[in-house]
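Novice: Below is a structure I'd like to ask you about.
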Amino acid sequence: MKHKKILFVCTGNTCRSPMAAAALRQELKRRKIAWYTVQSAGLHAETGAPMSAHAKQALDERKIPFAPDFCARQLNEKMIKEAFAIVCVSERHREQLQGRPNVTSLRALADCDLPDPYGQGVEAYRETLRAVCACLPAIIEGLGLNQINKS
């Protein structure tokens, strides 16, 4: 059975989208929801850039696993076409991808835009991750991930 891809999208792919992807991966595993692969990309990513040290720290503190060798990726057409769902962390990002049938946002799913912690202290990253985690049930429900559908 082929996994469906869920893609979180932010600006640089070093803070919000990799934290959101890691948090959703962990929650899907906890709920024993299979058949989904969760990844991230950025609209203006510097390809190969590492995840922010503060993002890693926030994830570590909540015991949310992530790839230690994570590298930022630039969103491209192939990723868009292969994705079951693209979840933008803000409406501003969703607007840049208008017209795509598989694009949504945290605002549409969970009535939340994630603030950008880039360049701020670790507490801003912790707050962003808390917001992501609070949105997870609505994301799972809104995307229909809790449905028994392995096709």
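Note on naming: chains are A, B, ... as they come in the structure tokens, residues start from 1 per chain, ligands start from 1 in the order shown.
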Run DSSP on the backbone and give me the residues of region 59-142 of chain A it puts in alpha helix (DSSP H), as a PyMOL selection string.
Specialist: chain A and resi 59-61+77-82+91-96+106-110+122-142
Novice: For Lys63 (chain A), please output as a ChimeraX atom specification all residues within 10 Å (counting only C-alpha atoms; exclusion window: fewer than 6 positions along the same chain).
Specialist: /A:23,26,57
Novice: Please save all heavy atoms of the selected residues as an mmCIF file, in the first residue's frame.
Specialist:
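Everything below was put into selection-v1.cif:
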data_model
loop_
_atom_site.group_PDB
_atom_site.id
_atom_site.type_symbol
_atom_site.label_atom_id
_atom_site.label_comp_id
_atom_site.auth_asym_id
_atom_site.auth_seq_id
_atom_site.Cartn_x
_atom_site.Cartn_y
_atom_site.Cartn_z
ATOM 1 N N ALA A 23 5.778 16.900 14.723
ATOM 2 C CA ALA A 23 4.697 16.740 15.704
ATOM 3 C C ALA A 23 3.567 15.875 15.143
ATOM 4 O O ALA A 23 3.043 15.004 15.842
ATOM 5 C CB ALA A 23 4.169 18.108 16.123
ATOM 6 N N GLN A 26 4.608 12.166 14.997
ATOM 7 C CA GLN A 26 4.542 11.534 16.311
ATOM 8 C C GLN A 26 3.088 11.253 16.716
ATOM 9 O O GLN A 26 2.777 10.183 17.236
ATOM 10 C CB GLN A 26 5.205 12.413 17.373
ATOM 11 C CG GLN A 26 5.168 11.762 18.750
ATOM 12 C CD GLN A 26 5.654 12.691 19.843
ATOM 13 O OE1 GLN A 26 5.232 13.834 19.924
ATOM 14 N NE2 GLN A 26 6.546 12.178 20.671
ATOM 15 N N GLN A 57 15.710 22.278 19.798
ATOM 16 C CA GLN A 57 15.612 22.292 21.259
ATOM 17 C C GLN A 57 14.153 22.149 21.701
ATOM 18 O O GLN A 57 13.856 21.366 22.613
ATOM 19 C CB GLN A 57 16.211 23.578 21.827
ATOM 20 C CG GLN A 57 16.165 23.638 23.347
ATOM 21 C CD GLN A 57 16.779 24.908 23.916
ATOM 22 O OE1 GLN A 57 17.522 25.618 23.246
ATOM 23 N NE2 GLN A 57 16.462 25.196 25.166
#
Novice: For Glu61 (chain A), work out the shell of residues within 12 Å, counting only C-alpha atoms and skipping chain neighbours fewer than 6 positions away, then give it as a ChimeraX atom specification.
Specialist: /A:54-55,122-123,125-126,129-130
Novice: So that I can see what lies close to Lys32 (chain A), please list as number ranges by chain the residues with an atom at most 12 Å from it, counting only C-alpha atoms and leaving out residues fewer than 3 positions away in the same chain.
Specialist: A: 24-29, 35-36, 145-148
Novice: If we count only C-alpha atoms and set the cut-off at 10 Å, which residues sit around Asn102 (chain A), ignoring sequence neighbours fewer than 5 positions away in its own chain? Please answer as a PyMOL selection string.
Specialist: chain A and resi 6+80-87+97
Novice: Could you write those residues out with N, CA and C atoms, as a short mmCIF file (atom, residue, chain, number, x, y, z; two decimals), in the first residue's frame?
Specialist:
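Heads up, here's the output in result-v2.cif:
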data_model
loop_
_atom_site.label_atom_id
_atom_site.label_comp_id
_atom_site.auth_asym_id
_atom_site.auth_seq_id
_atom_site.Cartn_x
_atom_site.Cartn_y
_atom_site.Cartn_z
N ILE A 6 1.71 14.01 3.20
CA ILE A 6 1.22 15.26 3.76
C ILE A 6 2.43 16.17 3.85
N ILE A 80 4.32 19.10 -5.00
CA ILE A 80 2.92 19.53 -5.00
C ILE A 80 2.05 18.44 -5.62
N LYS A 81 2.47 17.91 -6.75
CA LYS A 81 1.68 16.89 -7.45
C LYS A 81 1.60 15.58 -6.67
N GLU A 82 2.66 15.23 -5.95
CA GLU A 82 2.68 13.96 -5.21
C GLU A 82 1.95 14.03 -3.88
N ALA A 83 1.66 15.22 -3.39
CA ALA A 83 1.08 15.36 -2.05
C ALA A 83 -0.41 15.07 -2.03
N PHE A 84 -0.81 14.32 -1.05
CA PHE A 84 -2.23 14.12 -0.75
C PHE A 84 -2.79 15.44 -0.23
N ALA A 85 -2.02 16.10 0.66
CA ALA A 85 -2.44 17.38 1.22
C ALA A 85 -1.22 18.24 1.49
N ILE A 86 -1.34 19.52 1.17
CA ILE A 86 -0.32 20.51 1.50
C ILE A 86 -0.94 21.43 2.53
N VAL A 87 -0.34 21.47 3.72
CA VAL A 87 -0.86 22.29 4.80
C VAL A 87 0.08 23.48 5.01
N LEU A 97 -0.13 29.71 -3.03
CA LEU A 97 -0.35 28.44 -3.73
C LEU A 97 -1.80 28.29 -4.19
#
Novice: Near Leu59 (chain A), within 8 Å and counting only C-alpha atoms, which residues show up once chain neighbours fewer than 6 positions away are dropped, as a PDB file with all heavy atoms, in the first residue's frame?
Specialist:
ATOM      1  N   MET A  19       8.876  21.572  12.396  1.00  0.00           N
ATOM      2  CA  MET A  19       8.318  21.263  13.716  1.00  0.00           C
ATOM      3  C   MET A  19       6.915  20.677  13.568  1.00  0.00           C
ATOM      4  O   MET A  19       6.576  19.698  14.251  1.00  0.00           O
ATOM      5  CB  MET A  19       8.285  22.508  14.608  1.00  0.00           C
ATOM      6  CG  MET A  19       9.643  22.939  15.115  1.00  0.00           C
ATOM      7  SD  MET A  19       9.588  24.138  16.480  1.00  0.00           S
ATOM      8  CE  MET A  19       8.764  25.532  15.731  1.00  0.00           C
ATOM      9  N   PRO A  65      10.500  13.229  18.170  1.00  0.00           N
ATOM     10  CA  PRO A  65      11.638  12.851  17.335  1.00  0.00           C
ATOM     11  C   PRO A  65      11.648  13.592  15.993  1.00  0.00           C
ATOM     12  O   PRO A  65      10.605  13.931  15.443  1.00  0.00           O
ATOM     13  CB  PRO A  65      11.466  11.351  17.123  1.00  0.00           C
ATOM     14  CG  PRO A  65      10.073  11.034  17.494  1.00  0.00           C
ATOM     15  CD  PRO A  65       9.542  12.136  18.346  1.00  0.00           C
ATOM     16  N   PHE A  66      12.847  13.834  15.510  1.00  0.00           N
ATOM     17  CA  PHE A  66      13.052  14.463  14.206  1.00  0.00           C
ATOM     18  C   PHE A  66      14.374  13.949  13.651  1.00  0.00           C
ATOM     19  O   PHE A  66      15.208  13.434  14.396  1.00  0.00           O
ATOM     20  CB  PHE A  66      13.069  15.998  14.314  1.00  0.00           C
ATOM     21  CG  PHE A  66      14.144  16.516  15.228  1.00  0.00           C
ATOM     22  CD1 PHE A  66      15.405  16.838  14.745  1.00  0.00           C
ATOM     23  CD2 PHE A  66      13.901  16.664  16.582  1.00  0.00           C
ATOM     24  CE1 PHE A  66      16.404  17.301  15.589  1.00  0.00           C
ATOM     25  CE2 PHE A  66      14.899  17.122  17.444  1.00  0.00           C
ATOM     26  CZ  PHE A  66      16.145  17.440  16.936  1.00  0.00           C
ATOM     27  N   LEU A 129       5.633  25.668  18.789  1.00  0.00           N
ATOM     28  CA  LEU A 129       5.413  24.225  18.885  1.00  0.00           C
ATOM     29  C   LEU A 129       4.168  23.918  19.723  1.00  0.00           C
ATOM     30  O   LEU A 129       3.407  23.001  19.389  1.00  0.00           O
ATOM     31  CB  LEU A 129       6.650  23.520  19.447  1.00  0.00           C
ATOM     32  CG  LEU A 129       6.583  21.996  19.480  1.00  0.00           C
ATOM     33  CD1 LEU A 129       6.285  21.409  18.101  1.00  0.00           C
ATOM     34  CD2 LEU A 129       7.890  21.431  20.035  1.00  0.00           C
TER      35      LEU A 129
END
Novice: Work out how far CA of Asp69 (chain A) is from CA of Ala20 (chain A), in Å to one decimal.
Specialist: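 Result for CA of Ala20 (chain A) versus CA of Asp69 (chain A): 16.7 Å, one decimal.
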Novice: Restrict the calculation to only C-alpha atoms, then for each residue of region 107-145 of chain A with any atom at most 12 Å from an atom of region 10-18 of chain A give the closest atom pair and their distance in Å to one decimal, rows by chain and rising residue number, as JSON lines.
Specialist:
{"residue": "A:Asp113", "atom": "CA", "partner": "A:Arg16", "partner_atom": "CA", "distance": 10.5}
{"residue": "A:Leu114", "atom": "CA", "partner": "A:Arg16", "partner_atom": "CA", "distance": 7.3}
{"residue": "A:Pro115", "atom": "CA", "partner": "A:Arg16", "partner_atom": "CA", "distance": 8.3}
{"residue": "A:Asp116", "atom": "CA", "partner": "A:Arg16", "partner_atom": "CA", "distance": 7.0}
{"residue": "A:Pro117", "atom": "CA", "partner": "A:Cys15", "partner_atom": "CA", "distance": 7.3}
{"residue": "A:Tyr118", "atom": "CA", "partner": "A:Cys15", "partner_atom": "CA", "distance": 6.9}
{"residue": "A:Gly119", "atom": "CA", "partner": "A:Cys15", "partner_atom": "CA", "distance": 10.0}
{"residue": "A:Gln120", "atom": "CA", "partner": "A:Cys15", "partner_atom": "CA", "distance": 11.0}
{"residue": "A:Val122", "atom": "CA", "partner": "A:Cys15", "partner_atom": "CA", "distance": 11.1}
{"residue": "A:Ala124", "atom": "CA", "partner": "A:Cys15", "partner_atom": "CA", "distance": 10.6}
{"residue": "A:Tyr125", "atom": "CA", "partner": "A:Cys15", "partner_atom": "CA", "distance": 7.8}
{"residue": "A:Arg126", "atom": "CA", "partner": "A:Arg16", "partner_atom": "CA", "distance": 10.7}
{"residue": "A:Glu127", "atom": "CA", "partner": "A:Arg16", "partner_atom": "CA", "distance": 10.8}
{"residue": "A:Thr128", "atom": "CA", "partner": "A:Arg16", "partner_atom": "CA", "distance": 7.2}
{"residue": "A:Leu129", "atom": "CA", "partner": "A:Arg16", "partner_atom": "CA", "distance": 7.8}
{"residue": "A:Arg130", "atom": "CA", "partner": "A:Arg16", "partner_atom": "CA", "distance": 11.2}
{"residue": "A:Ala131", "atom": "CA", "partner": "A:Arg16", "partner_atom": "CA", "distance": 10.3}
{"residue": "A:Val132", "atom": "CA", "partner": "A:Arg16", "partner_atom": "CA", "distance": 8.5}
{"residue": "A:Cys133", "atom": "CA", "partner": "A:Arg16", "partner_atom": "CA", "distance": 11.7}
Novice: In Å to one decimal, how far is CA of His3 (chain A) from CA of Ser52 (chain A)?
Specialist: 27.8 Å
Novice: Please identify which residues in region 8-123 of chain A DSSP calls strand (DSSP E) from the backbone, and express them as a list of chain:residue names.
Specialist: A:Phe8, A:Val9, A:Cys10, A:Tyr36, A:Thr37, A:Val38, A:Gln39, A:Ser40, A:Ala41, A:Gly42, A:Ala83, A:Phe84, A:Ala85, A:Ile86, A:Val87, A:Cys88, A:Val103, A:Thr104, A:Ser105
Novice: Since we have the selection now, will you write its residues out, keeping C-alpha atoms, as a compact mmCIF listing (two decimals), in the first residue's frame?
Specialist:
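What follows is the written file selection-v2.txt:
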# COMPACT_ATOMS: atom_id res chain seq x y z
CA PHE A 8 3.71 21.23 5.68
CA VAL A 9 4.83 24.45 4.01
CA CYS A 10 6.29 27.63 5.50
CA TYR A 36 0.74 8.66 5.69
CA THR A 37 4.18 10.15 5.20
CA VAL A 38 4.64 13.62 6.69
CA GLN A 39 7.27 15.97 5.27
CA SER A 40 7.94 19.69 4.97
CA ALA A 41 9.21 22.26 2.49
CA GLY A 42 9.56 26.01 2.13
CA ALA A 83 1.08 15.36 -2.05
CA PHE A 84 -2.23 14.12 -0.75
CA ALA A 85 -2.44 17.38 1.22
CA ILE A 86 -0.32 20.51 1.50
CA VAL A 87 -0.86 22.29 4.80
CA CYS A 88 0.38 25.87 4.83
CA VAL A 103 -3.65 23.00 -0.64
CA THR A 104 -5.12 24.05 2.68
CA SER A 105 -3.90 25.91 5.73
Novice: Calculated over only C-alpha atoms, which of the candidates A:Ala49, A:Leu43, A:Ile139, A:Ala21 has the smallest distance to Ile64 (chain A)?
Specialist: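 Of A:Ala49, A:Leu43, A:Ile139, A:Ala21, the one nearest Ile64 (chain A), counting only C-alpha atoms, is A:Ala21.
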Novice: Go ahead and compute the interatomic distance for CA of Ser90 (chain A) and CA of Ala134 (chain A), in Å to one decimal.
Specialist: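 Value for the CA of Ser90 (chain A)-CA of Ala134 (chain A) distance: 15.3 Å.
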Novice: Find the spatial neighbours of Pro68 (chain A), counting only C-alpha atoms, within a cut-off of 10 Å - ignore same-chain residues fewer than 4 positions away - and output them as a PDB file with N, CA, C and O atoms, in the first residue's frame.
Specialist:
ATOM      1  N   PRO A  50      20.158  23.757   7.704  1.00  0.00           N
ATOM      2  CA  PRO A  50      19.739  22.906   8.813  1.00  0.00           C
ATOM      3  C   PRO A  50      18.503  23.468   9.510  1.00  0.00           C
ATOM      4  O   PRO A  50      18.172  24.648   9.364  1.00  0.00           O
ATOM      5  N   MET A  51      17.844  22.611  10.267  1.00  0.00           N
ATOM      6  CA  MET A  51      16.749  23.074  11.106  1.00  0.00           C
ATOM      7  C   MET A  51      17.325  24.014  12.163  1.00  0.00           C
ATOM      8  O   MET A  51      18.449  23.798  12.648  1.00  0.00           O
ATOM      9  N   LYS A  56      15.034  22.597  17.100  1.00  0.00           N
ATOM     10  CA  LYS A  56      15.478  21.288  17.594  1.00  0.00           C
ATOM     11  C   LYS A  56      15.328  21.198  19.106  1.00  0.00           C
ATOM     12  O   LYS A  56      14.875  20.188  19.648  1.00  0.00           O
TER      13      LYS A  56
END
Novice: Calculated over only C-alpha atoms, which of the candidates A:Leu136, A:Ala45, A:Ile33, A:Leu109 has the smallest distance to Arg73 (chain A)?
Specialist: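 Smallest distance to Arg73 (chain A) is found for A:Ala45.
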Novice: Between A:Lys2, A:Gly142, A:Arg100, A:Arg94, which one has atoms that come closest to Glu77 (chain A), using only C-alpha atoms?
Specialist: A:Arg100
Novice: Could you check which of A:Glu46, A:Gly144, A:Ala22, A:Arg31 is closest to Arg62 (chain A), using only C-alpha atoms?
Specialist: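 For Arg62 (chain A), the nearest of the candidates is A:Ala22.
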